[in-house]
Amino acid sequence: MTTLESALVRKSPLVKRAMFKIRKDLCLACGRCAMTCFRGAISLEFGQAEIDQSRCNGCGICVDACAQGAIVNYVPVSKEELTQTVSDMKLRTEEILRKIEALRK
Ligand code: SF4
Ligand code: SF4
């Protein structure tokens, strides 16, 4: 991701709503993530890790603890909201590119 892209993504209101979830198809129930989470937000139930979203603060520490790559970031979003966000980002990108072009002249 370029600097411009990451700046645009960070500014997106959707990023503030990002959450973590466990990919059930990858989780081996080793428990490393649960031991790492200082908020006690991860439990092992029915042979799988589970994140309690009410306890999770989104720090992301558990992501590094999982050698399986089973903990992933996602944003709960509707199709309409995603379409609007992409459209807003496109407009912002065009505006930034226009400013860059103006500085070159
Ligand atoms: S560290 Fe990864 S594989 Fe182990 S329990 Fe947690 S999510 Fe599952
Ligand atoms: S993101 Fe942080 S608080 Fe949330 S489950 Fe992972 S380690 Fe715990």
# chains A, B, ... in the order shown; residues from 1 in each chain; ligands from 1

call {"tool": "closest_atom_pairs", "arguments": {"of": "chain A", "to": "ligand 2", "cutoff": "8 Å", "atoms": "only C-alpha atoms and all ligand atoms", "output": "CSV"}}
result
residue,atom,partner,partner_atom_place_in_ligand_line,distance
A:Met19,CA,ligand 2,1 (S),7.7
A:Phe20,CA,ligand 2,1 (S),6.2
A:Cys33,CA,ligand 2,7 (S),7.0
A:Ala34,CA,ligand 2,8 (Fe),7.5
A:Thr36,CA,ligand 2,7 (S),6.2
A:Cys37,CA,ligand 2,7 (S),3.9
A:Phe38,CA,ligand 2,8 (Fe),6.2
A:Arg39,CA,ligand 2,3 (S),5.3
A:Gly40,CA,ligand 2,8 (Fe),6.5
A:Ala41,CA,ligand 2,5 (S),5.0
A:Ile42,CA,ligand 2,5 (S),5.6
A:Ile51,CA,ligand 2,5 (S),5.7
A:Asp52,CA,ligand 2,5 (S),7.3
A:Gln53,CA,ligand 2,4 (Fe),7.4
A:Arg55,CA,ligand 2,3 (S),6.6
A:Cys56,CA,ligand 2,4 (Fe),3.6
A:Asn57,CA,ligand 2,3 (S),4.5
A:Gly58,CA,ligand 2,1 (S),3.9
A:Cys59,CA,ligand 2,2 (Fe),4.0
A:Gly60,CA,ligand 2,1 (S),3.8
A:Ile61,CA,ligand 2,7 (S),4.4
A:Cys62,CA,ligand 2,7 (S),4.1
A:Val63,CA,ligand 2,6 (Fe),6.5

call {"tool": "residues_near_ligand", "arguments": {"ligand": "ligand 1", "cutoff": "10 Å", "atoms": "only C-alpha atoms and all ligand atoms", "output": "number ranges by chain"}}
result
A: 21-37, 42-45, 47-51, 62-72

call {"tool": "select_by_dssp", "arguments": {"residues": "chain A", "states": "alpha helix (DSSP H)", "output": "CSV table (one decimal) with N, CA and C atoms, in the first residue's frame"}}
result
chain,number,residue,atom,x,y,z
A,3,THR,N,1.9,5.4,0.5
A,3,THR,CA,1.6,6.3,1.6
A,3,THR,C,0.3,7.0,1.4
A,4,LEU,N,0.0,7.4,0.1
A,4,LEU,CA,-1.3,8.1,-0.2
A,4,LEU,C,-2.5,7.1,0.2
A,5,GLU,N,-2.4,5.9,-0.3
A,5,GLU,CA,-3.4,4.9,0.0
A,5,GLU,C,-3.6,4.7,1.5
A,6,SER,N,-2.5,4.5,2.2
A,6,SER,CA,-2.7,4.3,3.7
A,6,SER,C,-3.3,5.5,4.4
A,7,ALA,N,-2.9,6.7,3.9
A,7,ALA,CA,-3.4,7.9,4.5
A,7,ALA,C,-4.9,8.0,4.3
A,8,LEU,N,-5.4,7.6,3.1
A,8,LEU,CA,-6.8,7.6,2.8
A,8,LEU,C,-7.6,6.6,3.6
A,9,VAL,N,-7.0,5.4,3.7
A,9,VAL,CA,-7.6,4.4,4.5
A,9,VAL,C,-7.7,4.8,6.0
A,10,ARG,N,-6.7,5.4,6.5
A,10,ARG,CA,-6.7,5.8,7.9
A,10,ARG,C,-7.8,6.8,8.2
A,11,LYS,N,-8.0,7.6,7.2
A,11,LYS,CA,-9.1,8.7,7.3
A,11,LYS,C,-10.5,8.2,7.2
A,32,ARG,N,-2.9,-19.8,22.2
A,32,ARG,CA,-1.9,-18.8,22.4
A,32,ARG,C,-2.5,-17.4,22.4
A,33,CYS,N,-3.5,-17.2,21.5
A,33,CYS,CA,-4.1,-15.8,21.5
A,33,CYS,C,-4.8,-15.5,22.8
A,34,ALA,N,-5.5,-16.5,23.4
A,34,ALA,CA,-6.2,-16.3,24.7
A,34,ALA,C,-5.2,-15.9,25.8
A,35,MET,N,-4.0,-16.5,25.8
A,35,MET,CA,-3.0,-16.2,26.8
A,35,MET,C,-2.4,-14.9,26.6
A,36,THR,N,-2.4,-14.4,25.3
A,36,THR,CA,-1.8,-13.1,25.0
A,36,THR,C,-2.8,-11.9,25.3
A,61,ILE,N,-2.9,-7.2,19.4
A,61,ILE,CA,-1.8,-8.0,19.9
A,61,ILE,C,-2.0,-9.5,19.6
A,62,CYS,N,-3.2,-9.9,19.6
A,62,CYS,CA,-3.5,-11.4,19.4
A,62,CYS,C,-3.2,-11.8,18.0
A,63,VAL,N,-3.2,-10.9,17.0
A,63,VAL,CA,-2.9,-11.2,15.6
A,63,VAL,C,-1.5,-11.7,15.5
A,64,ASP,N,-0.6,-11.1,16.2
A,64,ASP,CA,0.8,-11.6,16.1
A,64,ASP,C,1.0,-12.9,16.8
A,65,ALA,N,0.2,-13.2,17.8
A,65,ALA,CA,0.3,-14.4,18.6
A,65,ALA,C,-0.1,-15.6,17.8
A,79,LYS,N,-23.4,-2.9,2.0
A,79,LYS,CA,-23.0,-2.6,0.6
A,79,LYS,C,-23.1,-1.2,0.3
A,80,GLU,N,-24.2,-0.5,0.7
A,80,GLU,CA,-24.4,0.9,0.4
A,80,GLU,C,-23.3,1.8,1.1
A,81,GLU,N,-23.0,1.4,2.3
A,81,GLU,CA,-22.0,2.2,3.1
A,81,GLU,C,-20.6,2.1,2.4
A,82,LEU,N,-20.3,0.8,2.0
A,82,LEU,CA,-19.0,0.6,1.4
A,82,LEU,C,-18.9,1.3,0.1
A,83,THR,N,-20.0,1.3,-0.7
A,83,THR,CA,-20.0,2.0,-2.0
A,83,THR,C,-19.8,3.5,-1.8
A,84,GLN,N,-20.5,4.1,-0.7
A,84,GLN,CA,-20.3,5.5,-0.5
A,84,GLN,C,-18.9,5.8,0.0
A,85,THR,N,-18.3,5.0,0.8
A,85,THR,CA,-17.0,5.2,1.3
A,85,THR,C,-16.0,5.2,0.2
A,86,VAL,N,-16.1,4.2,-0.7
A,86,VAL,CA,-15.2,4.1,-1.9
A,86,VAL,C,-15.3,5.4,-2.7
A,87,SER,N,-16.6,5.8,-2.9
A,87,SER,CA,-16.8,7.0,-3.7
A,87,SER,C,-16.1,8.2,-3.1
A,88,ASP,N,-16.3,8.4,-1.7
A,88,ASP,CA,-15.7,9.5,-1.0
A,88,ASP,C,-14.2,9.5,-1.1
A,89,MET,N,-13.6,8.2,-1.0
A,89,MET,CA,-12.1,8.1,-1.1
A,89,MET,C,-11.7,8.5,-2.5
A,90,LYS,N,-12.4,8.1,-3.5
A,90,LYS,CA,-12.1,8.4,-4.9
A,90,LYS,C,-12.0,10.0,-5.1
A,91,LEU,N,-13.1,10.6,-4.5
A,91,LEU,CA,-13.1,12.1,-4.6
A,91,LEU,C,-11.9,12.7,-3.9
A,92,ARG,N,-11.6,12.2,-2.7
A,92,ARG,CA,-10.4,12.8,-2.0
A,92,ARG,C,-9.1,12.5,-2.7
A,93,THR,N,-9.0,11.3,-3.3
A,93,THR,CA,-7.8,11.0,-4.1
A,93,THR,C,-7.6,12.0,-5.2
A,94,GLU,N,-8.7,12.2,-5.9
A,94,GLU,CA,-8.7,13.2,-7.1
A,94,GLU,C,-8.3,14.6,-6.6
A,95,GLU,N,-8.8,15.0,-5.5
A,95,GLU,CA,-8.5,16.3,-4.9
A,95,GLU,C,-7.0,16.4,-4.6
A,96,ILE,N,-6.5,15.4,-3.9
A,96,ILE,CA,-5.1,15.4,-3.6
A,96,ILE,C,-4.2,15.4,-4.8
A,97,LEU,N,-4.6,14.6,-5.8
A,97,LEU,CA,-3.8,14.6,-7.1
A,97,LEU,C,-3.8,15.9,-7.8
A,98,ARG,N,-5.0,16.6,-7.7
A,98,ARG,CA,-5.1,17.9,-8.3
A,98,ARG,C,-4.2,18.9,-7.6
A,99,LYS,N,-4.1,18.8,-6.3
A,99,LYS,CA,-3.2,19.7,-5.5
A,99,LYS,C,-1.8,19.4,-5.8
A,100,ILE,N,-1.4,18.1,-5.9
A,100,ILE,CA,0.0,17.8,-6.3
A,100,ILE,C,0.3,18.3,-7.7
A,101,GLU,N,-0.6,18.2,-8.6
A,101,GLU,CA,-0.4,18.7,-10.0
A,101,GLU,C,-0.2,20.2,-10.0
A,102,ALA,N,-1.0,20.9,-9.1
A,102,ALA,CA,-0.9,22.4,-9.0
A,102,ALA,C,0.5,22.8,-8.5
A,103,LEU,N,1.0,22.0,-7.5
A,103,LEU,CA,2.3,22.3,-6.9
A,103,LEU,C,3.4,22.1,-8.0
A,104,ARG,N,3.2,21.2,-8.9
A,104,ARG,CA,4.3,20.9,-9.9
A,104,ARG,C,4.4,22.1,-10.9

call {"tool": "select_by_dssp", "arguments": {"residues": "chain A", "states": "strand (DSSP E or B)", "output": "NGL selection string"}}
result
:A and (19-22 or 42-45 or 48-51 or 71-74)

call {"tool": "write_last_selection", "arguments": {"atoms": "C-alpha atoms", "output": "PDB file, in the first residue's frame"}}
result
ATOM      1  CA  MET A  19     -12.986  -5.498  14.546  1.00  0.00           C
ATOM      2  CA  PHE A  20     -11.113  -8.758  14.863  1.00  0.00           C
ATOM      3  CA  LYS A  21     -12.570 -12.181  14.312  1.00  0.00           C
ATOM      4  CA  ILE A  22     -11.314 -15.752  14.300  1.00  0.00           C
ATOM      5  CA  ILE A  42     -10.641 -14.574  23.911  1.00  0.00           C
ATOM      6  CA  SER A  43     -12.006 -17.871  25.093  1.00  0.00           C
ATOM      7  CA  LEU A  44     -11.830 -21.377  23.712  1.00  0.00           C
ATOM      8  CA  GLU A  45     -15.207 -22.902  23.169  1.00  0.00           C
ATOM      9  CA  GLN A  48     -12.277 -22.962  18.614  1.00  0.00           C
ATOM     10  CA  ALA A  49     -11.165 -19.547  19.783  1.00  0.00           C
ATOM     11  CA  GLU A  50     -13.872 -16.919  20.140  1.00  0.00           C
ATOM     12  CA  ILE A  51     -13.530 -13.157  20.619  1.00  0.00           C
ATOM     13  CA  ILE A  71      -7.175 -13.723  13.518  1.00  0.00           C
ATOM     14  CA  VAL A  72      -8.234 -11.235  10.923  1.00  0.00           C
ATOM     15  CA  ASN A  73      -9.430  -7.665  10.772  1.00  0.00           C
ATOM     16  CA  TYR A  74     -12.806  -6.880   9.308  1.00  0.00           C
TER      17      TYR A  74
END
